[in-house]
>>> print(open('input-v5.txt').read())   # compact mmCIF, C-alpha atoms
# COMPACT_ATOMS: atom_id res chain seq x y z
CA MET A 1 115.70 -25.15 198.61
CA TRP A 2 112.56 -23.07 198.87
CA LEU A 3 114.56 -20.07 200.01
CA THR A 4 116.76 -20.40 196.89
CA PHE A 5 113.64 -20.43 194.77
CA GLU A 6 112.06 -17.48 196.62
CA VAL A 7 115.13 -15.25 196.54
CA THR A 8 116.10 -16.04 192.94
CA GLY A 9 112.51 -16.09 191.71
CA LEU A 10 111.64 -12.73 193.23
CA ALA A 11 114.90 -11.17 192.00
CA LEU A 12 114.21 -12.49 188.49
CA VAL A 13 110.64 -11.17 188.48
CA ILE A 14 111.74 -7.69 189.61
CA ALA A 15 114.67 -7.61 187.16
CA THR A 16 112.32 -8.67 184.33
CA ILE A 17 109.61 -6.14 185.20
CA VAL A 18 112.17 -3.32 185.23
CA GLY A 19 114.75 -4.67 182.79
CA VAL A 20 112.52 -5.58 179.82
CA PRO A 21 110.94 -2.09 179.48
CA VAL A 22 114.32 -0.39 180.02
CA GLY A 23 115.98 -2.63 177.41
CA ALA A 24 113.07 -2.10 174.99
CA VAL A 25 113.17 1.69 175.35
CA VAL A 26 116.95 1.84 174.94
CA GLY A 27 116.77 -0.50 171.95
CA LEU A 28 113.86 1.18 170.19
CA THR A 29 114.49 4.88 170.73
CA ARG A 30 117.25 7.34 169.94
CA PHE A 31 118.34 9.76 172.62
CA PRO A 32 121.48 11.64 173.61
CA GLY A 33 123.74 9.42 175.69
CA LYS A 34 122.38 6.17 174.25
CA ARG A 35 125.88 4.86 173.63
CA LEU A 36 126.81 5.58 177.23
CA VAL A 37 123.71 3.79 178.56
CA THR A 38 124.50 0.83 176.29
CA LEU A 39 128.09 0.76 177.56
CA VAL A 40 126.87 0.83 181.18
CA LEU A 41 124.41 -2.02 180.54
CA TYR A 42 127.00 -4.16 178.75
CA THR A 43 129.49 -3.54 181.55
CA GLY A 44 126.77 -4.42 184.06
CA MET A 45 126.43 -7.83 182.44
CA GLY A 46 129.92 -8.61 183.68
CA LEU A 47 129.51 -7.24 187.20
CA PRO A 48 131.40 -9.50 189.61
CA PRO A 49 128.71 -10.76 192.02
CA VAL A 50 131.02 -10.40 194.96
CA VAL A 51 131.45 -6.69 194.18
CA VAL A 52 127.67 -6.31 194.05
CA GLY A 53 127.52 -8.12 197.37
CA LEU A 54 130.05 -5.73 198.86
CA PHE A 55 128.12 -2.73 197.56
CA VAL A 56 124.79 -3.99 198.94
CA TYR A 57 126.52 -4.89 202.22
CA LEU A 58 127.81 -1.32 202.60
CA MET A 59 124.41 0.16 201.70
CA LEU A 60 122.57 -2.03 204.23
CA SER A 61 125.11 -2.09 207.07
CA GLN A 62 124.25 -0.20 210.24
CA SER A 63 126.31 2.82 209.15
CA GLY A 64 125.07 2.67 205.54
CA PRO A 65 122.28 4.84 204.07
CA PHE A 66 119.73 2.00 204.25
CA GLY A 67 120.92 0.56 207.57
CA SER A 68 117.64 1.46 209.25
CA LEU A 69 115.88 -1.20 207.17
CA SER A 70 117.79 -3.91 209.11
CA TRP A 71 117.86 -6.05 205.97
CA LEU A 72 121.47 -7.20 206.25
CA PHE A 73 121.70 -10.99 206.73
CA THR A 74 118.04 -11.42 205.71
CA PRO A 75 116.49 -12.77 202.48
CA PRO A 76 115.46 -9.27 201.27
CA ALA A 77 119.16 -8.27 201.18
CA MET A 78 119.91 -11.35 199.05
CA THR A 79 117.04 -10.49 196.72
CA VAL A 80 118.35 -6.92 196.34
CA ALA A 81 121.84 -8.18 195.44
CA GLN A 82 120.53 -10.72 192.95
CA THR A 83 118.21 -8.17 191.36
CA ILE A 84 121.19 -5.88 190.78
CA ILE A 85 123.10 -8.74 189.15
CA ALA A 86 120.14 -9.83 186.99
CA PHE A 87 118.92 -6.40 185.86
CA PRO A 88 121.72 -5.52 183.38
CA LEU A 89 121.56 -9.03 181.91
CA VAL A 90 117.83 -8.73 181.26
CA ALA A 91 118.02 -5.12 180.04
CA ALA A 92 121.05 -5.50 177.75
CA LEU A 93 119.89 -8.76 176.18
CA THR A 94 116.37 -7.34 175.71
CA MET A 95 117.96 -4.34 173.99
CA SER A 96 119.93 -6.62 171.65
CA ALA A 97 116.81 -8.69 170.96
CA VAL A 98 114.63 -5.72 169.94
CA GLU A 99 117.48 -4.19 167.94
CA GLY A 100 117.66 -7.48 166.06
CA VAL A 101 114.10 -6.98 164.76
CA ASP A 102 114.22 -5.37 161.29
CA PRO A 103 113.65 -1.60 161.83
CA GLU A 104 111.60 -1.59 158.62
CA LEU A 105 109.06 -3.84 160.38
CA ARG A 106 108.35 -1.04 162.85
CA LEU A 107 107.51 1.33 159.98
CA GLN A 108 105.26 -1.26 158.37
CA VAL A 109 103.47 -1.90 161.66
CA ARG A 110 102.95 1.83 162.11
CA ALA A 111 101.66 2.13 158.55
CA LEU A 112 98.98 -0.41 159.53
CA GLY A 113 97.75 2.00 162.19
CA ALA A 114 99.58 0.86 165.34
CA THR A 115 100.24 3.44 168.03
CA ARG A 116 103.74 3.84 169.48
CA TRP A 117 102.86 1.53 172.35
CA GLN A 118 101.31 -1.06 170.07
CA THR A 119 104.38 -0.87 167.83
CA GLY A 120 106.70 -1.39 170.82
CA TRP A 121 104.63 -4.31 172.06
CA THR A 122 104.57 -5.88 168.59
CA VAL A 123 108.37 -5.60 168.31
CA LEU A 124 108.75 -7.19 171.76
CA ARG A 125 106.54 -10.06 170.64
CA GLU A 126 108.64 -10.48 167.53
CA ALA A 127 111.76 -10.57 169.71
CA ARG A 128 110.31 -13.15 172.11
CA ILE A 129 113.03 -15.74 171.53
CA GLY A 130 115.68 -13.19 172.44
CA LEU A 131 113.58 -12.11 175.44
CA THR A 132 113.38 -15.67 176.70
CA ALA A 133 117.17 -15.93 176.27
CA ALA A 134 117.56 -12.73 178.32
CA ILE A 135 115.47 -14.08 181.19
CA VAL A 136 117.11 -17.51 181.03
CA ALA A 137 120.58 -15.94 181.10
CA ALA A 138 119.66 -13.79 184.09
CA PHE A 139 118.16 -16.77 185.89
CA GLY A 140 121.30 -18.82 185.24
CA GLY A 141 123.45 -15.96 186.45
CA ILE A 142 121.73 -15.59 189.80
CA ILE A 143 120.65 -19.11 190.74
CA SER A 144 124.26 -20.27 190.51
CA GLU A 145 125.61 -17.18 192.27
CA VAL A 146 127.32 -17.60 195.62
CA GLY A 147 129.53 -14.59 196.41
CA ALA A 148 126.88 -11.90 196.84
CA VAL A 149 124.36 -14.04 198.75
CA MET A 150 127.12 -15.25 201.04
CA LEU A 151 128.21 -11.68 201.82
CA VAL A 152 124.83 -10.06 202.37
CA GLY A 153 122.96 -13.17 203.61
CA GLY A 154 125.65 -14.57 205.87
CA ASN A 155 124.71 -18.22 205.16
CA ILE A 156 122.70 -18.50 208.37
CA GLU A 157 121.10 -21.91 208.74
CA GLY A 158 117.33 -21.84 208.50
CA GLN A 159 117.36 -18.15 207.58
CA THR A 160 119.63 -17.21 204.71
CA ARG A 161 121.25 -20.46 203.67
CA VAL A 162 120.54 -21.18 200.01
CA LEU A 163 121.64 -24.15 197.89
CA THR A 164 124.86 -22.58 196.64
CA THR A 165 126.04 -21.42 200.05
CA ALA A 166 125.06 -24.79 201.56
CA ILE A 167 127.18 -26.54 198.89
CA VAL A 168 130.18 -24.34 199.78
CA LEU A 169 129.74 -25.13 203.48
CA SER A 170 129.30 -28.90 202.99
CA THR A 171 132.37 -29.04 200.76
CA ARG A 172 134.43 -27.16 203.33
CA GLN A 173 133.24 -29.59 206.00
CA GLY A 174 134.23 -32.52 203.81
CA ASP A 175 130.64 -33.74 203.40
CA PHE A 176 130.98 -34.31 199.67
CA ALA A 177 127.95 -36.59 199.45
CA LEU A 178 125.68 -33.84 200.76
CA ALA A 179 127.39 -31.25 198.57
CA MET A 180 126.84 -33.44 195.50
CA ALA A 181 123.22 -34.10 196.44
CA LEU A 182 122.58 -30.37 196.85
CA GLY A 183 124.30 -29.75 193.51
CA ILE A 184 121.92 -32.20 191.83
CA VAL A 185 118.92 -30.48 193.45
CA LEU A 186 120.21 -27.12 192.18
CA LEU A 187 120.60 -28.47 188.67
CA ALA A 188 117.12 -30.00 188.77
CA LEU A 189 115.71 -26.66 189.91
CA ALA A 190 117.45 -24.87 187.04
CA LEU A 191 116.22 -27.49 184.57
CA GLY A 192 112.63 -27.18 185.79
CA ALA A 193 112.63 -23.38 185.73
CA ASN A 194 114.11 -23.23 182.23
CA ALA A 195 111.54 -25.77 181.02
CA VAL A 196 108.77 -23.49 182.31
CA LEU A 197 110.32 -20.44 180.59
CA LEU A 198 110.63 -22.29 177.29
CA GLN A 199 107.04 -23.45 177.60
CA LEU A 200 105.93 -19.85 178.09
CA GLN A 201 107.88 -18.78 175.00
CA GLY A 202 106.21 -21.48 172.97
CA ARG A 203 102.76 -20.47 174.16
CA THR A 204 103.11 -16.88 172.91
CA LYS A 205 103.91 -18.11 169.41
CA MET B 1 78.99 24.14 149.84
CA THR B 2 82.77 24.10 149.70
CA PRO B 3 84.22 21.22 147.72
CA ARG B 4 86.03 18.57 149.75
CA PRO B 5 89.77 19.10 149.80
CA PRO B 6 91.97 16.72 147.81
CA ALA B 7 93.35 13.63 149.54
CA PHE B 8 96.86 15.06 149.23
CA GLU B 9 98.24 18.42 148.27
CA LEU B 10 101.99 18.92 148.02
CA ALA B 11 103.54 22.38 147.75
CA GLY B 12 107.25 23.05 147.34
CA VAL B 13 108.19 19.61 148.66
CA ARG B 14 111.88 18.73 148.57
CA HIS B 15 113.43 15.82 150.39
CA ARG B 16 117.12 15.30 151.00
CA TYR B 17 119.25 12.54 152.40
CA GLY B 18 122.35 14.39 153.52
CA ALA B 19 123.29 16.80 150.77
CA ARG B 20 121.55 14.79 148.06
CA THR B 21 118.08 15.85 146.96
CA VAL B 22 116.15 12.65 146.36
CA LEU B 23 112.77 14.15 145.58
CA ALA B 24 111.46 17.52 144.43
CA VAL B 25 107.74 17.98 143.82
CA PRO B 26 106.89 21.66 143.35
CA ARG B 27 103.15 21.09 143.20
CA LEU B 28 100.91 18.03 143.21
CA GLU B 29 97.26 17.45 144.01
CA ILE B 30 95.80 13.99 144.36
CA PRO B 31 92.00 14.21 144.35
CA ARG B 32 89.96 11.77 146.39
CA GLY B 33 89.16 8.58 144.59
CA GLU B 34 91.92 9.03 142.05
CA THR B 35 94.47 6.37 141.19
CA LEU B 36 97.75 8.09 140.49
CA GLY B 37 100.39 5.92 138.84
CA ILE B 38 104.00 6.79 139.52
CA ILE B 39 106.51 5.39 137.09
CA GLY B 40 110.22 5.88 136.74
CA PRO B 41 113.53 4.11 136.92
CA SER B 42 115.05 2.81 140.16
CA GLY B 43 116.26 5.57 142.45
CA ALA B 44 113.76 8.07 141.01
CA GLY B 45 112.28 8.86 144.43
CA LYS B 46 109.07 6.87 143.97
CA SER B 47 109.26 5.00 147.29
CA THR B 48 110.40 8.16 149.07
CA LEU B 49 107.25 9.91 147.91
CA LEU B 50 105.14 7.11 149.41
CA ARG B 51 106.99 7.37 152.74
CA LEU B 52 106.25 11.10 152.83
CA LEU B 53 102.57 10.51 152.03
CA GLN B 54 102.34 7.86 154.75
CA GLY B 55 103.89 10.33 157.19
CA LEU B 56 106.83 8.06 157.99
CA GLU B 57 109.23 10.86 157.05
CA ARG B 58 108.81 14.60 157.01
CA PRO B 59 109.90 16.48 153.87
CA SER B 60 113.08 18.53 154.27
CA GLU B 61 111.19 21.46 152.75
CA GLY B 62 107.62 22.27 151.77
CA VAL B 63 104.22 21.21 153.02
CA ILE B 64 101.98 18.22 152.47
CA HIS B 65 98.28 18.67 153.20
CA VAL B 66 96.18 15.60 153.97
CA ASP B 67 92.46 16.28 153.55
CA GLY B 68 93.32 19.97 153.64
CA VAL B 69 95.17 19.67 156.95
CA PRO B 70 98.94 20.32 157.01
CA MET B 71 100.66 17.09 157.88
CA ALA B 72 102.33 17.02 161.26
CA ARG B 73 104.71 14.30 162.31
CA PRO B 74 103.78 12.13 163.96
CA LEU B 75 100.54 12.09 162.03
CA PRO B 76 97.44 12.31 164.27
CA LEU B 77 96.28 8.74 164.79
CA VAL B 78 92.82 9.28 163.28
CA LEU B 79 94.40 10.57 160.07
CA ALA B 80 97.22 8.01 160.04
CA ARG B 81 94.73 5.18 160.32
CA ARG B 82 92.99 6.20 157.10
CA ILE B 83 96.20 5.75 155.10
CA THR B 84 98.14 2.54 154.65
CA THR B 85 101.03 1.32 152.55
CA VAL B 86 101.85 -1.97 150.92
CA PHE B 87 105.63 -1.83 150.92
CA GLN B 88 107.91 -2.99 148.16
CA ARG B 89 109.49 -5.54 150.50
CA PRO B 90 106.61 -6.42 152.81
CA LEU B 91 107.61 -7.92 156.15
CA MET B 92 105.44 -10.47 157.86
CA LEU B 93 104.92 -10.72 161.60
CA ASP B 94 105.95 -14.08 163.03
CA ARG B 95 102.33 -15.21 163.29
CA THR B 96 99.89 -17.03 161.06
CA VAL B 97 98.82 -15.58 157.73
CA ARG B 98 95.36 -14.96 159.20
CA ASP B 99 96.76 -13.07 162.17
CA ASN B 100 98.89 -10.95 159.85
CA VAL B 101 95.82 -10.02 157.81
CA LEU B 102 93.90 -9.15 160.99
CA PHE B 103 96.73 -7.11 162.53
CA GLY B 104 95.43 -3.71 161.37
CA LEU B 105 91.98 -4.49 162.78
CA GLN B 106 93.44 -5.80 166.01
CA VAL B 107 95.34 -2.55 166.71
CA ARG B 108 92.05 -0.74 166.15
CA GLY B 109 90.52 -2.80 168.93
CA ARG B 110 88.47 -5.05 166.66
CA ARG B 111 88.48 -8.67 167.67
CA ASP B 112 86.33 -10.17 164.91
CA ARG B 113 88.24 -12.67 162.81
CA GLY B 114 85.73 -12.78 159.97
CA PRO B 115 87.27 -10.39 157.43
CA ALA B 116 90.46 -12.41 156.86
CA GLU B 117 89.09 -15.40 154.97
CA PRO B 118 87.22 -13.62 152.14
CA LEU B 119 90.25 -11.41 151.47
CA LEU B 120 92.60 -14.38 151.39
CA GLU B 121 90.21 -16.27 149.18
CA ARG B 122 90.12 -13.49 146.60
CA LEU B 123 93.89 -13.50 146.42
CA GLY B 124 94.11 -17.27 146.13
CA LEU B 125 95.56 -17.72 149.62
CA ALA B 126 92.67 -19.27 151.57
CA HIS B 127 94.55 -22.56 151.97
CA LEU B 128 97.39 -20.74 153.72
CA ALA B 129 95.31 -18.94 156.38
CA GLY B 130 96.69 -21.06 159.22
CA ALA B 131 100.29 -21.22 157.91
CA ARG B 132 103.19 -19.34 159.48
CA ALA B 133 103.54 -16.15 157.44
CA ARG B 134 107.34 -16.22 157.61
CA ARG B 135 107.41 -19.48 155.66
CA LEU B 136 105.65 -18.08 152.59
CA SER B 137 107.25 -17.43 149.21
CA GLY B 138 107.93 -13.86 148.04
CA GLY B 139 104.87 -13.79 145.81
CA GLU B 140 102.62 -15.08 148.59
CA VAL B 141 103.99 -12.50 151.01
CA GLN B 142 103.16 -9.74 148.53
CA ARG B 143 99.56 -10.91 148.32
CA VAL B 144 99.20 -11.31 152.10
CA ALA B 145 100.53 -7.76 152.49
CA LEU B 146 97.83 -6.53 150.12
CA ALA B 147 95.13 -8.42 152.04
CA ARG B 148 96.52 -7.02 155.32
CA ALA B 149 96.25 -3.48 153.95
CA MET B 150 92.76 -3.96 152.51
CA ALA B 151 91.42 -5.51 155.73
CA ILE B 152 91.40 -2.08 157.34
CA GLU B 153 89.44 -0.58 154.41
CA PRO B 154 91.69 2.46 154.09
CA ASP B 155 90.63 5.72 152.44
CA VAL B 156 94.09 5.98 150.93
CA LEU B 157 96.13 3.04 149.70
CA LEU B 158 99.80 3.54 148.86
CA LEU B 159 101.10 0.65 146.76
CA ASP B 160 104.79 0.13 146.13
CA GLU B 161 105.26 -2.38 143.30
CA PRO B 162 102.32 -4.53 144.45
CA ALA B 163 102.56 -6.96 141.54
CA ALA B 164 106.33 -7.22 141.11
CA ASN B 165 107.55 -10.83 140.98
CA LEU B 166 104.06 -12.27 140.54
CA ASP B 167 103.07 -14.70 137.80
CA PRO B 168 100.43 -13.53 135.29
CA ALA B 169 97.54 -15.29 137.07
CA ASN B 170 98.37 -13.57 140.34
CA VAL B 171 98.96 -10.23 138.66
CA ALA B 172 95.39 -10.53 137.37
CA ARG B 173 94.15 -11.33 140.91
CA VAL B 174 96.01 -8.39 142.43
CA GLU B 175 94.81 -6.00 139.75
CA ALA B 176 91.20 -7.15 140.19
CA PHE B 177 91.64 -6.52 143.89
CA ILE B 178 92.94 -3.01 143.22
CA ARG B 179 89.97 -2.36 140.91
CA ASP B 180 87.62 -3.31 143.74
CA ALA B 181 89.27 -0.69 145.91
CA GLN B 182 88.91 1.85 143.11
CA ALA B 183 85.22 1.02 142.85
CA ARG B 184 84.84 1.72 146.56
CA GLY B 185 86.34 5.19 146.05
CA THR B 186 89.72 4.49 147.63
CA THR B 187 92.42 6.97 146.69
CA ILE B 188 95.38 5.00 145.38
CA VAL B 189 98.96 5.96 144.69
CA LEU B 190 100.52 3.16 142.67
CA VAL B 191 104.28 3.04 142.30
CA THR B 192 105.37 0.66 139.60
CA HIS B 193 108.24 -0.15 137.28
CA ASN B 194 105.71 -1.70 134.99
CA THR B 195 104.31 0.93 132.63
CA HIS B 196 101.64 -1.47 131.41
CA GLU B 197 100.33 -1.83 134.94
CA ALA B 198 100.13 1.94 135.32
CA ARG B 199 98.33 2.14 132.01
CA ARG B 200 95.78 -0.49 133.06
CA LEU B 201 95.04 0.96 136.49
CA ALA B 202 95.94 4.63 136.84
CA HIS B 203 93.71 7.59 136.05
CA ARG B 204 96.73 9.87 135.89
CA THR B 205 100.38 8.93 135.60
CA MET B 206 103.46 10.79 136.73
CA LEU B 207 107.00 10.10 135.53
CA LEU B 208 109.76 10.69 138.06
CA ILE B 209 113.42 10.64 137.12
CA GLU B 210 116.20 11.34 139.62
CA GLY B 211 113.73 12.84 142.06
CA ALA B 212 112.21 15.30 139.60
CA VAL B 213 108.74 15.28 138.07
CA VAL B 214 109.28 14.96 134.32
CA GLU B 215 105.66 14.83 133.27
CA ILE B 216 102.24 14.23 134.76
CA GLY B 217 98.97 13.82 132.93
CA ALA B 218 95.94 11.70 132.19
CA THR B 219 97.27 8.19 131.68
CA GLU B 220 95.96 7.62 128.17
CA ALA B 221 97.18 11.00 126.92
CA LEU B 222 100.58 10.56 128.54
CA PHE B 223 101.09 7.17 126.97
CA ALA B 224 99.62 8.11 123.59
CA SER B 225 101.36 11.45 123.13
CA PRO B 226 103.93 12.30 125.78
CA ALA B 227 104.92 15.96 125.80
CA GLU B 228 108.45 15.45 127.04
CA ALA B 229 111.27 13.78 125.12
CA ARG B 230 112.42 11.98 128.28
CA THR B 231 108.93 10.54 128.77
CA ARG B 232 108.95 9.24 125.21
CA ASP B 233 112.37 7.68 125.79
CA PHE B 234 111.31 6.12 129.08
CA LEU B 235 108.13 4.67 127.62
CA ALA B 236 110.12 3.38 124.67
CA GLY B 237 112.32 1.56 127.15
CA GLU B 238 115.42 3.68 126.63
CA LEU B 239 117.88 4.58 129.32
CA VAL B 240 117.15 8.07 130.55
CA TYR B 241 119.52 8.35 133.45
>>> encode(input="input-v5.txt", output="structure tokens")
Amino acid sequence: MWLTFEVTGLALVIATIVGVPVGAVVGLTRFPGKRLVTLVLYTGMGLPPVVVGLFVYLMLSQSGPFGSLSWLFTPPAMTVAQTIIAFPLVAALTMSAVEGVDPELRLQVRALGATRWQTGWTVLREARIGLTAAIVAAFGGIISEVGAVMLVGGNIEGQTRVLTTAIVLSTRQGDFALAMALGIVLLALALGANAVLLQLQGRTK
Amino acid sequence: MTPRPPAFELAGVRHRYGARTVLAVPRLEIPRGETLGIIGPSGAGKSTLLRLLQGLERPSEGVIHVDGVPMARPLPLVLARRITTVFQRPLMLDRTVRDNVLFGLQVRGRRDRGPAEPLLERLGLAHLAGARARRLSGGEVQRVALARAMAIEPDVLLLDEPAANLDPANVARVEAFIRDAQARGTTIVLVTHNTHEARRLAHRTMLLIEGAVVEIGATEALFASPAEARTRDFLAGELVY
């Protein structure tokens, strides 16, 4: 259970740290190729996890460009895969959230003397409900994900077995009671994490 | 000693949206401390002029000088922070009324929360200081926007219909507030549909119709004996466009 939390938690933190600024910049600025970037982000939201897993597998395998890291079948490989799945979700939904803030508000904030950075930060604060939704959606996408972590982690007991891959294994072995119990733990984990995120959203109000 | 340059100086300013010219001001000086009223029908270019003066848009042609310095976009922060606008449709941040009023100070790095209450009190809003600003009525939002602008003690205040949709008691409050700013030497550009408001507050008044300056002059003279037929018609409440 703790490995699930570590891998998913770390992936979510990295995806948020990178994805929120990227989504905010794409949403708040105009630049050539913006439509293309938007298209890529939206497409990324629907990335099949198993394809991401395959891609990370190839990158980290002995013959791959990052093979020397020896990350394949270790938790860092699972974190990389989940970060790649979570990033477009966070970035695209952040972009939608900041685009949903009335553009006129940005002008009014600037007219009150805010710098570009202060204006961007203020818009992000105004979009906080959408931001929470972005992080919650990304969390939901990766904590329940099984294909990528199975491929790049290998479901090794005591090393890379997380709740979802353990549920798959127990089900295959016919141990439905254990599978159900693990499923309940996974749900409880998701419930707890979302409660914390909602609490954080409330506190910034 | 050279005299201080005017707050604004416009030369050959034209502004277009696409092929349509929405504003043409060949020459205009706004001395420091003056209140210039801008009247005219809807679509006359009044709000566009305020956006140019605030530096939110750059004119398609011509130059605007602020304090004798040609305006660059984006406006240098020091200059931009001396000018503020109360917009026709003010938007509130999703915070308390007090935090909205303090926003301009907060972005300037000032953490003191003292200035909000007296401003709100003067505008009859003290009881709403802790309320969520998004839940206010239109008239309350207009007054909070005025308090938010005045909290930063600007040198130049651009007002776009600051008293529209207010009841007479609140119009009186807002106008008293504007007079206080005048007494402090604030340069004010007041856009209004309401010719009476311009007459009560403005030192000079300018009539804009379809983006063109029809007439500009000392307020009393302009209202008492307008030189242009279209000004007479407008002041008489006739359709001029």
>>> atom_distance(input="input-v5.txt", atom1="CA of Val80 (chain A)", atom2="CA of Val18 (chain A)")
13.2 Å
>>> residues_around(input="input-v5.txt", residues="region 21-34 of chain B", least_positions_apart="6", cutoff="7 Å", atoms="all atoms listed in the file", output="VMD selection string")
chain B and resid 6 to 15 45 182 185 to 188 203 210 to 213
>>> write_last_selection(input="input-v5.txt", atoms="C-alpha atoms", output="short mmCIF file (atom, residue, chain, number, x, y, z; two decimals), keeping the file's coordinate frame")
data_model
loop_
_atom_site.label_atom_id
_atom_site.label_comp_id
_atom_site.auth_asym_id
_atom_site.auth_seq_id
_atom_site.Cartn_x
_atom_site.Cartn_y
_atom_site.Cartn_z
CA PRO B 6 91.97 16.72 147.81
CA ALA B 7 93.35 13.63 149.54
CA PHE B 8 96.86 15.06 149.23
CA GLU B 9 98.24 18.42 148.27
CA LEU B 10 101.99 18.92 148.02
CA ALA B 11 103.54 22.38 147.75
CA GLY B 12 107.25 23.05 147.34
CA VAL B 13 108.19 19.61 148.66
CA ARG B 14 111.88 18.73 148.57
CA HIS B 15 113.43 15.82 150.39
CA GLY B 45 112.28 8.86 144.43
CA GLN B 182 88.91 1.85 143.11
CA GLY B 185 86.34 5.19 146.05
CA THR B 186 89.72 4.49 147.63
CA THR B 187 92.42 6.97 146.69
CA ILE B 188 95.38 5.00 145.38
CA HIS B 203 93.71 7.59 136.05
CA GLU B 210 116.20 11.34 139.62
CA GLY B 211 113.73 12.84 142.06
CA ALA B 212 112.21 15.30 139.60
CA VAL B 213 108.74 15.28 138.07
#
>>> interface_residues(input="input-v5.txt", of="chain A", to="chain B", cutoff="10 Å", atoms="only C-alpha atoms", output="JSON, numbers by chain")
{"A": [102, 104, 105, 106, 107, 108, 109, 110, 111, 112, 113, 114, 115, 116, 118, 119, 122, 123, 125, 126, 127, 204, 205]}
>>> write_last_selection(input="input-v5.txt", atoms="C-alpha atoms", output="mmCIF file, in the coordinates of the input")
data_model
loop_
_atom_site.group_PDB
_atom_site.id
_atom_site.type_symbol
_atom_site.label_atom_id
_atom_site.label_comp_id
_atom_site.auth_asym_id
_atom_site.auth_seq_id
_atom_site.Cartn_x
_atom_site.Cartn_y
_atom_site.Cartn_z
ATOM 1 C CA ASP A 102 114.220 -5.370 161.290
ATOM 2 C CA GLU A 104 111.600 -1.590 158.620
ATOM 3 C CA LEU A 105 109.060 -3.840 160.380
ATOM 4 C CA ARG A 106 108.350 -1.040 162.850
ATOM 5 C CA LEU A 107 107.510 1.330 159.980
ATOM 6 C CA GLN A 108 105.260 -1.260 158.370
ATOM 7 C CA VAL A 109 103.470 -1.900 161.660
ATOM 8 C CA ARG A 110 102.950 1.830 162.110
ATOM 9 C CA ALA A 111 101.660 2.130 158.550
ATOM 10 C CA LEU A 112 98.980 -0.410 159.530
ATOM 11 C CA GLY A 113 97.750 2.000 162.190
ATOM 12 C CA ALA A 114 99.580 0.860 165.340
ATOM 13 C CA THR A 115 100.240 3.440 168.030
ATOM 14 C CA ARG A 116 103.740 3.840 169.480
ATOM 15 C CA GLN A 118 101.310 -1.060 170.070
ATOM 16 C CA THR A 119 104.380 -0.870 167.830
ATOM 17 C CA THR A 122 104.570 -5.880 168.590
ATOM 18 C CA VAL A 123 108.370 -5.600 168.310
ATOM 19 C CA ARG A 125 106.540 -10.060 170.640
ATOM 20 C CA GLU A 126 108.640 -10.480 167.530
ATOM 21 C CA ALA A 127 111.760 -10.570 169.710
ATOM 22 C CA THR A 204 103.110 -16.880 172.910
ATOM 23 C CA LYS A 205 103.910 -18.110 169.410
#
>>> residues_around(input="input-v5.txt", residues="region 187-193 of chain A", least_positions_apart="5", cutoff="9 Å", atoms="only C-alpha atoms", output="JSON, numbers by chain")
{"A": [1, 5, 136, 139, 140, 143, 144, 182, 198]}
>>> residues_around(input="input-v5.txt", residues="region 25-28 of chain A", least_positions_apart="5", cutoff="8 Å", atoms="only C-alpha atoms", output="number ranges by chain")
A: 34, 37-38, 94-96, 98-99, 120
>>> write_last_selection(input="input-v5.txt", atoms="C-alpha atoms", output="PDB file, keeping the file's coordinate frame")
ATOM      1  CA  LYS A  34     122.380   6.170 174.250  1.00  0.00           C
ATOM      2  CA  VAL A  37     123.710   3.790 178.560  1.00  0.00           C
ATOM      3  CA  THR A  38     124.500   0.830 176.290  1.00  0.00           C
ATOM      4  CA  THR A  94     116.370  -7.340 175.710  1.00  0.00           C
ATOM      5  CA  MET A  95     117.960  -4.340 173.990  1.00  0.00           C
ATOM      6  CA  SER A  96     119.930  -6.620 171.650  1.00  0.00           C
ATOM      7  CA  VAL A  98     114.630  -5.720 169.940  1.00  0.00           C
ATOM      8  CA  GLU A  99     117.480  -4.190 167.940  1.00  0.00           C
ATOM      9  CA  GLY A 120     106.700  -1.390 170.820  1.00  0.00           C
TER      10      GLY A 120
END
>>> atom_distance(input="input-v5.txt", atom1="CA of Ile184 (chain A)", atom2="CA of Ile85 (chain A)")
23.6 Å
>>> residues_around(input="input-v5.txt", residues="Glu140 (chain B)", least_positions_apart="5", cutoff="12 Å", atoms="all atoms listed in the file", output="PyMOL selection string")
chain B and resi 89-92+97+120+123-129+131-135+145-147+162-167+170-171+174
>>> atom_distance(input="input-v5.txt", atom1="CA of Ala11 (chain A)", atom2="CA of Val168 (chain A)")
21.6 Å
>>> closest_residue(input="input-v5.txt", among="A:Gly154, A:Ala181, A:Met45, A:Leu93", to="Ile167 (chain A)", atoms="only C-alpha atoms")
A:Ala181
>>> residues_around(input="input-v5.txt", residues="region 68-72 of chain A", least_positions_apart="4", cutoff="12 Å", atoms="all atoms listed in the file", output="PyMOL selection string")
chain A and resi 53-64+76-81+148-156+159-160
>>> closest_residue(input="input-v5.txt", among="B:Ser137, B:Gly109, B:Glu228, B:Arg98", to="Glu121 (chain B)", atoms="only C-alpha atoms")
B:Arg98
